[in-house]
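Shown next: start-v4.pdb, given as PDB, C-alpha atoms, pLDDT in the B column.
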ATOM      1  CA  MET W   1       0.000   0.000   0.000  1.00 57.00           C
ATOM      2  CA  SER W   2       1.356   3.428  -0.950  1.00 63.00           C
ATOM      3  CA  ILE W   3       1.978   6.020   1.748  1.00 56.00           C
ATOM      4  CA  GLU W   4      -0.872   8.153   0.332  1.00 60.00           C
ATOM      5  CA  LYS W   5      -3.333   5.234   0.515  1.00 64.00           C
ATOM      6  CA  LEU W   6      -2.139   4.476   4.027  1.00 57.00           C
ATOM      7  CA  LYS W   7      -2.721   8.083   5.122  1.00 57.00           C
ATOM      8  CA  GLU W   8      -6.149   8.068   3.471  1.00 59.00           C
ATOM      9  CA  LYS W   9      -7.110   4.896   5.294  1.00 62.00           C
ATOM     10  CA  TYR W  10      -6.299   6.226   8.737  1.00 61.00           C
ATOM     11  CA  ILE W  11      -7.151   9.903   8.473  1.00 60.00           C
ATOM     12  CA  SER W  12     -10.650   9.077   7.187  1.00 61.00           C
ATOM     13  CA  ALA W  13     -11.547   6.453   9.757  1.00 65.00           C
ATOM     14  CA  GLN W  14     -11.704   7.931  13.213  1.00 79.00           C
ATOM     15  CA  TRP W  15     -14.580  10.378  12.714  1.00 84.00           C
ATOM     16  CA  LEU W  16     -16.839   7.366  12.143  1.00 83.00           C
ATOM     17  CA  ASP W  17     -15.761   5.791  15.427  1.00 84.00           C
ATOM     18  CA  PHE W  18     -16.737   8.998  17.233  1.00 90.00           C
ATOM     19  CA  VAL W  19     -20.222   8.879  15.653  1.00 90.00           C
ATOM     20  CA  GLN W  20     -20.657   5.256  16.710  1.00 87.00           C
ATOM     21  CA  GLN W  21     -19.758   6.052  20.318  1.00 91.00           C
ATOM     22  CA  ALA W  22     -22.036   9.115  20.261  1.00 94.00           C
ATOM     23  CA  ILE W  23     -24.977   6.943  19.184  1.00 92.00           C
ATOM     24  CA  ILE W  24     -24.355   4.618  22.130  1.00 91.00           C
ATOM     25  CA  GLN W  25     -24.398   7.602  24.513  1.00 95.00           C
ATOM     26  CA  ILE W  26     -27.571   9.036  22.939  1.00 95.00           C
ATOM     27  CA  ASP W  27     -29.302   5.692  23.344  1.00 93.00           C
ATOM     28  CA  LEU W  28     -28.340   5.620  27.016  1.00 94.00           C
ATOM     29  CA  ALA W  29     -29.694   9.164  27.432  1.00 95.00           C
ATOM     30  CA  ARG W  30     -32.897   8.047  25.693  1.00 94.00           C
ATOM     31  CA  GLU W  31     -33.526   5.345  28.309  1.00 92.00           C
ATOM     32  CA  ILE W  32     -33.418   7.924  31.101  1.00 92.00           C
ATOM     33  CA  TYR W  33     -35.371  10.498  29.083  1.00 92.00           C
ATOM     34  CA  CYS W  34     -38.250   8.051  28.567  1.00 91.00           C
ATOM     35  CA  LYS W  35     -38.631   7.711  32.342  1.00 87.00           C
ATOM     36  CA  ASN W  36     -38.643  11.492  32.893  1.00 82.00           C
ATOM     37  CA  LYS W  37     -40.142  13.084  29.761  1.00 77.00           C
ATOM     38  CA  ASP W  38     -43.514  13.730  31.405  1.00 74.00           C
ATOM     39  CA  SER W  39     -42.070  15.303  34.553  1.00 72.00           C
ATOM     40  CA  GLU W  40     -42.922  18.868  35.586  1.00 70.00           C
ATOM     41  CA  ARG W  41     -41.730  21.680  33.296  1.00 72.00           C
ATOM     42  CA  HIS W  42     -40.749  25.310  33.657  1.00 69.00           C
ATOM     43  CA  ARG W  43     -42.839  28.002  31.942  1.00 70.00           C
ATOM     44  CA  ASN W  44     -40.444  27.929  28.966  1.00 66.00           C
ATOM     45  CA  GLY W  45     -41.161  24.205  28.515  1.00 68.00           C
ATOM     46  CA  ARG W  46     -37.891  22.846  29.898  1.00 69.00           C
ATOM     47  CA  ARG W  47     -38.268  19.859  32.201  1.00 72.00           C
ATOM     48  CA  LYS W  48     -37.603  20.729  35.839  1.00 64.00           C
ATOM     49  CA  ALA W  49     -36.091  17.360  36.714  1.00 59.00           C
ATOM     50  CA  ILE W  50     -33.295  16.333  34.376  1.00 70.00           C
ATOM     51  CA  ALA W  51     -31.796  13.088  35.566  1.00 73.00           C
ATOM     52  CA  PRO W  52     -28.034  13.695  35.983  1.00 78.00           C
ATOM     53  CA  ILE W  53     -27.108  10.581  34.044  1.00 89.00           C
ATOM     54  CA  GLU W  54     -29.220  11.721  31.077  1.00 91.00           C
ATOM     55  CA  ASN W  55     -27.274  14.967  31.149  1.00 91.00           C
ATOM     56  CA  THR W  56     -23.954  13.102  31.272  1.00 93.00           C
ATOM     57  CA  HIS W  57     -24.709  10.785  28.345  1.00 96.00           C
ATOM     58  CA  ALA W  58     -26.105  13.646  26.245  1.00 96.00           C
ATOM     59  CA  SER W  59     -23.072  15.829  26.989  1.00 95.00           C
ATOM     60  CA  ILE W  60     -20.648  13.059  26.046  1.00 96.00           C
ATOM     61  CA  SER W  61     -22.488  12.529  22.750  1.00 97.00           C
ATOM     62  CA  ILE W  62     -22.248  16.240  21.906  1.00 97.00           C
ATOM     63  CA  ILE W  63     -18.494  16.275  22.476  1.00 96.00           C
ATOM     64  CA  LEU W  64     -18.115  13.116  20.362  1.00 96.00           C
ATOM     65  CA  LEU W  65     -20.273  14.451  17.506  1.00 95.00           C
ATOM     66  CA  ASN W  66     -18.312  17.710  17.399  1.00 94.00           C
ATOM     67  CA  SER W  67     -15.101  15.670  17.249  1.00 91.00           C
ATOM     68  CA  ALA W  68     -16.603  13.548  14.470  1.00 92.00           C
ATOM     69  CA  ILE W  69     -17.551  16.593  12.368  1.00 91.00           C
ATOM     70  CA  GLU W  70     -14.104  18.091  12.832  1.00 89.00           C
ATOM     71  CA  GLY W  71     -12.431  14.811  11.921  1.00 87.00           C
ATOM     72  CA  LEU W  72     -14.641  14.451   8.849  1.00 88.00           C
ATOM     73  CA  CYS W  73     -13.820  17.999   7.698  1.00 86.00           C
ATOM     74  CA  ASN W  74     -10.097  17.385   8.123  1.00 84.00           C
ATOM     75  CA  ALA W  75     -10.359  14.084   6.268  1.00 82.00           C
ATOM     76  CA  GLN W  76     -12.269  15.613   3.361  1.00 81.00           C
ATOM     77  CA  ALA W  77      -9.801  18.498   3.111  1.00 80.00           C
ATOM     78  CA  PHE W  78      -6.949  15.985   2.974  1.00 77.00           C
ATOM     79  CA  LEU W  79      -8.644  13.826   0.329  1.00 74.00           C
ATOM     80  CA  ALA W  80      -9.469  16.883  -1.803  1.00 73.00           C
ATOM     81  CA  LYS W  81      -5.947  18.285  -1.324  1.00 78.00           C
ATOM     82  CA  GLN W  82      -7.574  21.488  -0.074  1.00 77.00           C
ATOM     83  CA  LYS W  83      -5.212  24.463  -0.255  1.00 78.00           C
ATOM     84  CA  LYS W  84      -4.844  26.916   2.641  1.00 78.00           C
ATOM     85  CA  PHE W  85      -6.952  24.716   4.916  1.00 76.00           C
ATOM     86  CA  ASN W  86      -6.457  25.638   8.571  1.00 76.00           C
ATOM     87  CA  GLN W  87      -6.912  22.646  10.897  1.00 75.00           C
ATOM     88  CA  TRP W  88      -7.205  25.028  13.872  1.00 76.00           C
ATOM     89  CA  ASP W  89     -10.048  27.061  12.395  1.00 79.00           C
ATOM     90  CA  SER W  90     -13.641  26.939  13.700  1.00 81.00           C
ATOM     91  CA  LEU W  91     -15.869  24.108  12.498  1.00 82.00           C
ATOM     92  CA  SER W  92     -18.144  26.428  10.516  1.00 84.00           C
ATOM     93  CA  ASN W  93     -15.174  28.064   8.748  1.00 82.00           C
ATOM     94  CA  LYS W  94     -13.694  24.655   7.937  1.00 85.00           C
ATOM     95  CA  LEU W  95     -16.937  23.460   6.410  1.00 85.00           C
ATOM     96  CA  LYS W  96     -17.342  26.653   4.399  1.00 85.00           C
ATOM     97  CA  LYS W  97     -13.822  26.220   3.051  1.00 84.00           C
ATOM     98  CA  ILE W  98     -14.602  22.700   1.852  1.00 84.00           C
ATOM     99  CA  ILE W  99     -18.138  23.497   0.612  1.00 83.00           C
ATOM    100  CA  PRO W 100     -18.226  27.227  -0.356  1.00 84.00           C
ATOM    101  CA  ASN W 101     -21.940  27.203  -1.285  1.00 85.00           C
ATOM    102  CA  ILE W 102     -23.105  25.545   1.939  1.00 84.00           C
ATOM    103  CA  ASP W 103     -26.364  26.841   3.425  1.00 85.00           C
ATOM    104  CA  ASN W 104     -25.893  29.646   5.970  1.00 87.00           C
ATOM    105  CA  ASN W 105     -28.564  28.223   8.280  1.00 88.00           C
ATOM    106  CA  LEU W 106     -26.583  25.001   8.605  1.00 88.00           C
ATOM    107  CA  LEU W 107     -23.396  26.963   9.271  1.00 89.00           C
ATOM    108  CA  ASN W 108     -25.164  28.949  11.994  1.00 88.00           C
ATOM    109  CA  ALA W 109     -26.559  25.754  13.538  1.00 90.00           C
ATOM    110  CA  LEU W 110     -23.056  24.286  13.539  1.00 91.00           C
ATOM    111  CA  LEU W 111     -21.722  27.461  15.168  1.00 90.00           C
ATOM    112  CA  GLU W 112     -24.207  27.093  18.040  1.00 91.00           C
ATOM    113  CA  PHE W 113     -23.561  23.349  18.314  1.00 93.00           C
ATOM    114  CA  ASP W 114     -19.809  23.966  18.530  1.00 91.00           C
ATOM    115  CA  PHE W 115     -20.483  26.601  21.179  1.00 89.00           C
ATOM    116  CA  ILE W 116     -22.402  24.081  23.304  1.00 91.00           C
ATOM    117  CA  ARG W 117     -19.424  21.752  23.121  1.00 92.00           C
ATOM    118  CA  ASN W 118     -17.361  24.610  24.582  1.00 86.00           C
ATOM    119  CA  THR W 119     -19.810  25.241  27.427  1.00 85.00           C
ATOM    120  CA  ILE W 120     -19.472  21.573  28.406  1.00 88.00           C
ATOM    121  CA  VAL W 121     -15.704  21.311  28.110  1.00 86.00           C
ATOM    122  CA  HIS W 122     -14.873  24.702  29.652  1.00 78.00           C
ATOM    123  CA  GLY W 123     -17.748  24.856  32.138  1.00 72.00           C
ATOM    124  CA  TYR W 124     -18.820  28.412  31.305  1.00 65.00           C
ATOM    125  CA  ILE W 125     -21.865  28.158  33.537  1.00 61.00           C
ATOM    126  CA  TRP W 126     -22.813  25.685  36.217  1.00 57.00           C
ATOM    127  CA  ILE W 127     -25.121  24.903  39.112  1.00 56.00           C
ATOM    128  CA  LYS W 128     -23.168  25.827  42.222  1.00 54.00           C
ATOM    129  CA  LEU W 129     -24.763  23.987  45.155  1.00 56.00           C
ATOM    130  CA  ARG W 130     -27.878  22.512  46.709  1.00 56.00           C
ATOM    131  CA  ARG W 131     -29.473  24.230  49.682  1.00 61.00           C
ATOM    132  CA  TYR W 132     -31.854  22.374  51.957  1.00 61.00           C
ATOM    133  CA  LYS W 133     -35.129  23.881  53.188  1.00 66.00           C
ATOM    134  CA  LYS W 134     -36.689  23.471  56.626  1.00 67.00           C
ATOM    135  CA  ASP W 135     -38.693  20.445  55.500  1.00 67.00           C
ATOM    136  CA  PHE W 136     -35.429  18.850  54.288  1.00 60.00           C
ATOM    137  CA  SER W 137     -36.399  19.096  50.646  1.00 65.00           C
ATOM    138  CA  PHE W 138     -33.751  20.841  48.601  1.00 59.00           C
ATOM    139  CA  LYS W 139     -33.494  23.375  45.825  1.00 60.00           C
ATOM    140  CA  TYR W 140     -30.642  24.180  43.500  1.00 57.00           C
ATOM    141  CA  VAL W 141     -28.974  27.516  44.024  1.00 55.00           C
ATOM    142  CA  LYS W 142     -27.772  28.441  40.568  1.00 58.00           C
ATOM    143  CA  SER W 143     -24.571  30.358  39.994  1.00 55.00           C
ATOM    144  CA  TYR W 144     -24.031  31.486  36.408  1.00 56.00           C
ATOM    145  CA  LEU W 145     -20.625  32.547  35.235  1.00 58.00           C
ATOM    146  CA  TRP W 146     -21.638  35.122  32.650  1.00 60.00           C
ATOM    147  CA  ARG W 147     -18.249  36.747  32.116  1.00 61.00           C
ATOM    148  CA  PRO W 148     -17.415  34.756  28.940  1.00 59.00           C
ATOM    149  CA  PHE W 149     -20.715  35.903  27.402  1.00 62.00           C
ATOM    150  CA  LYS W 150     -20.357  39.529  28.461  1.00 63.00           C
ATOM    151  CA  ASN W 151     -16.778  39.874  27.248  1.00 63.00           C
ATOM    152  CA  ASN W 152     -17.099  38.072  23.935  1.00 66.00           C
ATOM    153  CA  LYS W 153     -19.173  39.684  21.175  1.00 70.00           C
ATOM    154  CA  ASN W 154     -19.569  36.354  19.366  1.00 68.00           C
ATOM    155  CA  PHE W 155     -20.994  34.720  22.476  1.00 71.00           C
ATOM    156  CA  LYS W 156     -23.500  37.550  22.926  1.00 73.00           C
ATOM    157  CA  ASN W 157     -24.805  36.934  19.427  1.00 80.00           C
ATOM    158  CA  LEU W 158     -25.251  33.211  20.075  1.00 84.00           C
ATOM    159  CA  ILE W 159     -27.319  33.123  23.258  1.00 83.00           C
ATOM    160  CA  ASN W 160     -30.698  34.087  24.644  1.00 82.00           C
ATOM    161  CA  ARG W 161     -29.963  34.739  28.313  1.00 76.00           C
ATOM    162  CA  ALA W 162     -33.612  34.833  29.352  1.00 77.00           C
ATOM    163  CA  GLU W 163     -34.296  31.373  27.936  1.00 80.00           C
ATOM    164  CA  ARG W 164     -30.870  29.939  28.889  1.00 79.00           C
ATOM    165  CA  ARG W 165     -30.614  28.618  25.338  1.00 84.00           C
ATOM    166  CA  THR W 166     -28.832  29.465  22.126  1.00 89.00           C
ATOM    167  CA  LYS W 167     -30.584  32.165  20.127  1.00 86.00           C
ATOM    168  CA  ASN W 168     -31.690  30.316  16.999  1.00 85.00           C
ATOM    169  CA  TYR W 169     -31.520  26.572  17.552  1.00 85.00           C
ATOM    170  CA  LYS W 170     -32.471  26.375  21.239  1.00 85.00           C
ATOM    171  CA  PHE W 171     -29.578  24.319  22.583  1.00 90.00           C
ATOM    172  CA  SER W 172     -29.365  24.357  26.387  1.00 87.00           C
ATOM    173  CA  ILE W 173     -26.451  26.603  27.387  1.00 84.00           C
ATOM    174  CA  ILE W 174     -26.199  25.445  31.007  1.00 82.00           C
ATOM    175  CA  PRO W 175     -24.016  22.309  31.008  1.00 82.00           C
ATOM    176  CA  THR W 176     -25.990  20.609  33.781  1.00 80.00           C
ATOM    177  CA  GLU W 177     -29.262  20.979  31.815  1.00 84.00           C
ATOM    178  CA  ILE W 178     -28.079  19.562  28.480  1.00 90.00           C
ATOM    179  CA  ASN W 179     -30.278  16.578  27.661  1.00 92.00           C
ATOM    180  CA  PHE W 180     -31.487  13.975  25.162  1.00 95.00           C
ATOM    181  CA  VAL W 181     -33.157  16.606  22.956  1.00 93.00           C
ATOM    182  CA  ASP W 182     -29.923  18.616  22.680  1.00 94.00           C
ATOM    183  CA  ALA W 183     -28.119  15.416  21.700  1.00 96.00           C
ATOM    184  CA  LEU W 184     -30.668  14.749  18.943  1.00 95.00           C
ATOM    185  CA  MET W 185     -30.310  18.293  17.626  1.00 93.00           C
ATOM    186  CA  GLY W 186     -26.572  17.626  17.399  1.00 94.00           C
ATOM    187  CA  LEU W 187     -27.234  14.347  15.606  1.00 94.00           C
ATOM    188  CA  SER W 188     -29.501  16.205  13.143  1.00 91.00           C
ATOM    189  CA  ILE W 189     -26.717  18.642  12.280  1.00 92.00           C
ATOM    190  CA  THR W 190     -24.228  15.787  11.938  1.00 92.00           C
ATOM    191  CA  SER W 191     -26.509  13.896   9.538  1.00 89.00           C
ATOM    192  CA  LYS W 192     -26.926  17.020   7.384  1.00 88.00           C
ATOM    193  CA  ILE W 193     -23.170  17.472   7.139  1.00 89.00           C
ATOM    194  CA  THR W 194     -22.440  13.826   6.349  1.00 87.00           C
ATOM    195  CA  GLY W 195     -25.103  14.125   3.651  1.00 84.00           C
ATOM    196  CA  PHE W 196     -22.901  16.569   1.739  1.00 82.00           C
ATOM    197  CA  PHE W 197     -20.318  13.832   1.402  1.00 79.00           C
ATOM    198  CA  GLY W 198     -22.798  11.033   0.605  1.00 76.00           C
ATOM    199  CA  LEU W 199     -22.201   9.351   3.951  1.00 72.00           C
ATOM    200  CA  GLU W 200     -25.544   9.777   5.729  1.00 62.00           C
ATOM    201  CA  GLU W 201     -26.696   6.259   4.819  1.00 62.00           C
ATOM    202  CA  ILE W 202     -23.467   4.512   5.716  1.00 64.00           C
ATOM    203  CA  SER W 203     -24.048   1.553   8.021  1.00 61.00           C
ATOM    204  CA  ILE W 204     -22.547   2.667  11.308  1.00 61.00           C
ATOM    205  CA  ILE W 205     -25.093   2.351  14.092  1.00 60.00           C
ATOM    206  CA  PRO W 206     -24.353  -0.065  16.935  1.00 61.00           C
ATOM    207  CA  LEU W 207     -27.908  -0.285  18.339  1.00 63.00           C
ATOM    208  CA  LYS W 208     -29.215  -3.672  19.399  1.00 63.00           C
ATOM    209  CA  ASP W 209     -32.838  -3.240  18.302  1.00 64.00           C
ATOM    210  CA  GLY W 210     -32.621  -0.139  16.158  1.00 63.00           C
ATOM    211  CA  PRO W 211     -31.623   0.976  12.640  1.00 66.00           C
ATOM    212  CA  ASP W 212     -28.088   0.780  11.337  1.00 69.00           C
ATOM    213  CA  ASN W 213     -27.623   4.079   9.487  1.00 76.00           C
ATOM    214  CA  LEU W 214     -27.593   7.721  10.520  1.00 80.00           C
ATOM    215  CA  LEU W 215     -30.799   8.909   8.823  1.00 80.00           C
ATOM    216  CA  ASP W 216     -32.945   6.039  10.082  1.00 83.00           C
ATOM    217  CA  CYS W 217     -31.333   6.348  13.494  1.00 86.00           C
ATOM    218  CA  LEU W 218     -32.489   9.952  13.824  1.00 87.00           C
ATOM    219  CA  GLU W 219     -36.060   8.935  12.950  1.00 89.00           C
ATOM    220  CA  PHE W 220     -35.837   6.079  15.450  1.00 90.00           C
ATOM    221  CA  PHE W 221     -34.876   8.406  18.297  1.00 93.00           C
ATOM    222  CA  LYS W 222     -37.495  11.022  17.330  1.00 92.00           C
ATOM    223  CA  GLY W 223     -40.173   8.424  17.983  1.00 92.00           C
ATOM    224  CA  PHE W 224     -39.461   8.607  21.725  1.00 94.00           C
ATOM    225  CA  LEU W 225     -39.889  12.385  22.055  1.00 93.00           C
ATOM    226  CA  SER W 226     -42.772  14.107  23.805  1.00 89.00           C
ATOM    227  CA  ASN W 227     -44.871  16.402  21.591  1.00 88.00           C
ATOM    228  CA  TYR W 228     -43.210  19.509  23.041  1.00 85.00           C
ATOM    229  CA  ASP W 229     -39.664  18.246  22.496  1.00 88.00           C
ATOM    230  CA  LYS W 230     -40.512  16.927  19.044  1.00 90.00           C
ATOM    231  CA  LYS W 231     -41.636  20.434  18.075  1.00 87.00           C
ATOM    232  CA  ILE W 232     -38.275  21.881  19.169  1.00 84.00           C
ATOM    233  CA  LEU W 233     -36.397  19.333  17.069  1.00 88.00           C
ATOM    234  CA  GLU W 234     -38.657  19.754  14.029  1.00 88.00           C
ATOM    235  CA  ASN W 235     -38.146  23.527  14.108  1.00 82.00           C
ATOM    236  CA  LEU W 236     -34.399  22.953  13.928  1.00 78.00           C
ATOM    237  CA  LEU W 237     -34.743  20.508  11.043  1.00 82.00           C
ATOM    238  CA  LYS W 238     -37.088  22.851   9.186  1.00 83.00           C
ATOM    239  CA  SER W 239     -34.603  25.709   9.461  1.00 78.00           C
ATOM    240  CA  ILE W 240     -31.765  23.680   7.927  1.00 75.00           C
ATOM    241  CA  GLN W 241     -33.714  22.097   5.085  1.00 66.00           C
ATOM    242  CA  PHE W 242     -32.208  22.690   1.650  1.00 54.00           C
TER     243      PHE W 242
END
Exercise: express the given structure as structure tokens:
Amino acid sequence: MSIEKLKEKYISAQWLDFVQQAIIQIDLAREIYCKNKDSERHRNGRRKAIAPIENTHASISIILLNSAIEGLCNAQAFLAKQKKFNQWDSLSNKLKKIIPNIDNNLLNALLEFDFIRNTIVHGYIWIKLRRYKKDFSFKYVKSYLWRPFKNNKNFKNLINRAERRTKNYKFSIIPTEINFVDALMGLSITSKITGFFGLEEISIIPLKDGPDNLLDCLEFFKGFLSNYDKKILENLLKSIQF
């Protein structure tokens, strides 16, 4: 095997492994979501009780899917011998470099999705502690670190502080409230991007009783959503149709 073929084999492979592991984490988040999807909600529709393990699995999947998209972009740039391609650039800029005519709505969705990855990894905002009441029930005392948003113009343009979500695509911006729905929104964006490269129907899904490709997998997971959460996801998908 030539050195070029060898490079192609390895540089193209790992993004797919990240997607596979993300699917496993989303499925684990789904199991917890199904037990809690009808729990009490805030006025903005967000569930009050997010099981911590649902949050953990969903957060892991978002980090993995971002890594997969970045790996896929790098692989495609290598295969196309893309000139002046910066591996350290933002995900949206990388994708625009590879596909100049890509839809702006998808780029904006990717920008918000990448931002959510950063809130998880860097812990921009968090729940600080639990304080017990006289009857020994407890409430969360929330402590938001807003400095990164206040000092960064790009962050300001991405978030809706009142809703605690991103401005356009409604990702949760508080790391401890990221959930199954956020993970599915990330999977939706990933499937759109893989579609540009003809890879959305590749057989990659390691689910025991589910579909084995990315498009069918998304439909499979959507079937478990409550009506409210399904509406959030469908609004995202509608905005990035092309």
May I have the centre and edge lengths, in Å to one decimal, of an axis-aligned box around the listed atoms of range 185-194 of chain W with 8 Å added to every side, as JSON?
{"center_x": -26.4, "center_y": 16.2, "center_z": 12.0, "size_x": 23.9, "size_y": 20.8, "size_z": 27.3}
Smallest atom-to-atom distance to Ile232 in chain W: which of W:Glu40, W:Asn213, W:Lys170, W:Phe220, using only C-alpha atoms?
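Closest to Ile232 in chain W, using only C-alpha atoms: W:Lys170.
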Two-atom distance - CA of Leu95 in chain W, CA of Ala58 in chain W (Å)
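Atom-to-atom, CA of Leu95 in chain W to CA of Ala58 in chain W, that is 24.0 Å.
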Got a sec to resolve the PyMOL selection byres ((chain W and resi 29) around 9) on this structure and send the residues as an mmCIF file with C-alpha atoms, in the coordinates of the input?
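Listed below is the output, result-v4.cif:
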data_model
loop_
_atom_site.group_PDB
_atom_site.id
_atom_site.type_symbol
_atom_site.label_atom_id
_atom_site.label_comp_id
_atom_site.auth_asym_id
_atom_site.auth_seq_id
_atom_site.Cartn_x
_atom_site.Cartn_y
_atom_site.Cartn_z
ATOM 1 C CA ILE W 24 -24.355 4.618 22.130
ATOM 2 C CA GLN W 25 -24.398 7.602 24.513
ATOM 3 C CA ILE W 26 -27.571 9.036 22.939
ATOM 4 C CA ASP W 27 -29.302 5.692 23.344
ATOM 5 C CA LEU W 28 -28.340 5.620 27.016
ATOM 6 C CA ARG W 30 -32.897 8.047 25.693
ATOM 7 C CA GLU W 31 -33.526 5.345 28.309
ATOM 8 C CA ILE W 32 -33.418 7.924 31.101
ATOM 9 C CA TYR W 33 -35.371 10.498 29.083
ATOM 10 C CA CYS W 34 -38.250 8.051 28.567
ATOM 11 C CA ILE W 53 -27.108 10.581 34.044
ATOM 12 C CA GLU W 54 -29.220 11.721 31.077
ATOM 13 C CA ASN W 55 -27.274 14.967 31.149
ATOM 14 C CA THR W 56 -23.954 13.102 31.272
ATOM 15 C CA HIS W 57 -24.709 10.785 28.345
ATOM 16 C CA ALA W 58 -26.105 13.646 26.245
ATOM 17 C CA ASN W 179 -30.278 16.578 27.661
ATOM 18 C CA PHE W 180 -31.487 13.975 25.162
ATOM 19 C CA ALA W 183 -28.119 15.416 21.700
#
Output the residue selection produced by the PyMOL selection byres ((chain W and resi 163) around 12) on the file above, formatted as a ChimeraX atom specification.
/W:42-46,159-162,164-174
The selected residues should be written to file as a PDB file, in the coordinates of the input (atoms: C-alpha atoms).
ATOM      1  CA  HIS W  42     -40.749  25.310  33.657  1.00 69.00           C
ATOM      2  CA  ARG W  43     -42.839  28.002  31.942  1.00 70.00           C
ATOM      3  CA  ASN W  44     -40.444  27.929  28.966  1.00 66.00           C
ATOM      4  CA  GLY W  45     -41.161  24.205  28.515  1.00 68.00           C
ATOM      5  CA  ARG W  46     -37.891  22.846  29.898  1.00 69.00           C
ATOM      6  CA  ILE W 159     -27.319  33.123  23.258  1.00 83.00           C
ATOM      7  CA  ASN W 160     -30.698  34.087  24.644  1.00 82.00           C
ATOM      8  CA  ARG W 161     -29.963  34.739  28.313  1.00 76.00           C
ATOM      9  CA  ALA W 162     -33.612  34.833  29.352  1.00 77.00           C
ATOM     10  CA  ARG W 164     -30.870  29.939  28.889  1.00 79.00           C
ATOM     11  CA  ARG W 165     -30.614  28.618  25.338  1.00 84.00           C
ATOM     12  CA  THR W 166     -28.832  29.465  22.126  1.00 89.00           C
ATOM     13  CA  LYS W 167     -30.584  32.165  20.127  1.00 86.00           C
ATOM     14  CA  ASN W 168     -31.690  30.316  16.999  1.00 85.00           C
ATOM     15  CA  TYR W 169     -31.520  26.572  17.552  1.00 85.00           C
ATOM     16  CA  LYS W 170     -32.471  26.375  21.239  1.00 85.00           C
ATOM     17  CA  PHE W 171     -29.578  24.319  22.583  1.00 90.00           C
ATOM     18  CA  SER W 172     -29.365  24.357  26.387  1.00 87.00           C
ATOM     19  CA  ILE W 173     -26.451  26.603  27.387  1.00 84.00           C
ATOM     20  CA  ILE W 174     -26.199  25.445  31.007  1.00 82.00           C
TER      21      ILE W 174
END
Applying the PyMOL selection byres ((chain W and resi 190) around 9) to the file I just gave you, which residues come out? Please list them as a PyMOL selection string.
chain W and resi 19+65-66+68-69+110+185-189+191-195+200+214
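Going from CA of Ser67 in chain W to CA of Phe224 in chain W covers 25.8 Å.
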Just to confirm, what's the straight-line distance from CA of Gln20 in chain W to CA of Glu70 in chain W in Å (one decimal)?
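CA of Gln20 in chain W sits 14.9 Å away from CA of Glu70 in chain W.
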Calculated over all atoms listed in the file, which of the candidates W:Lys230, W:Asp103, W:Gln76, W:Ile62 has the smallest distance to Gly198 in chain W?
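Closest to Gly198 in chain W of all the choices is W:Gln76.
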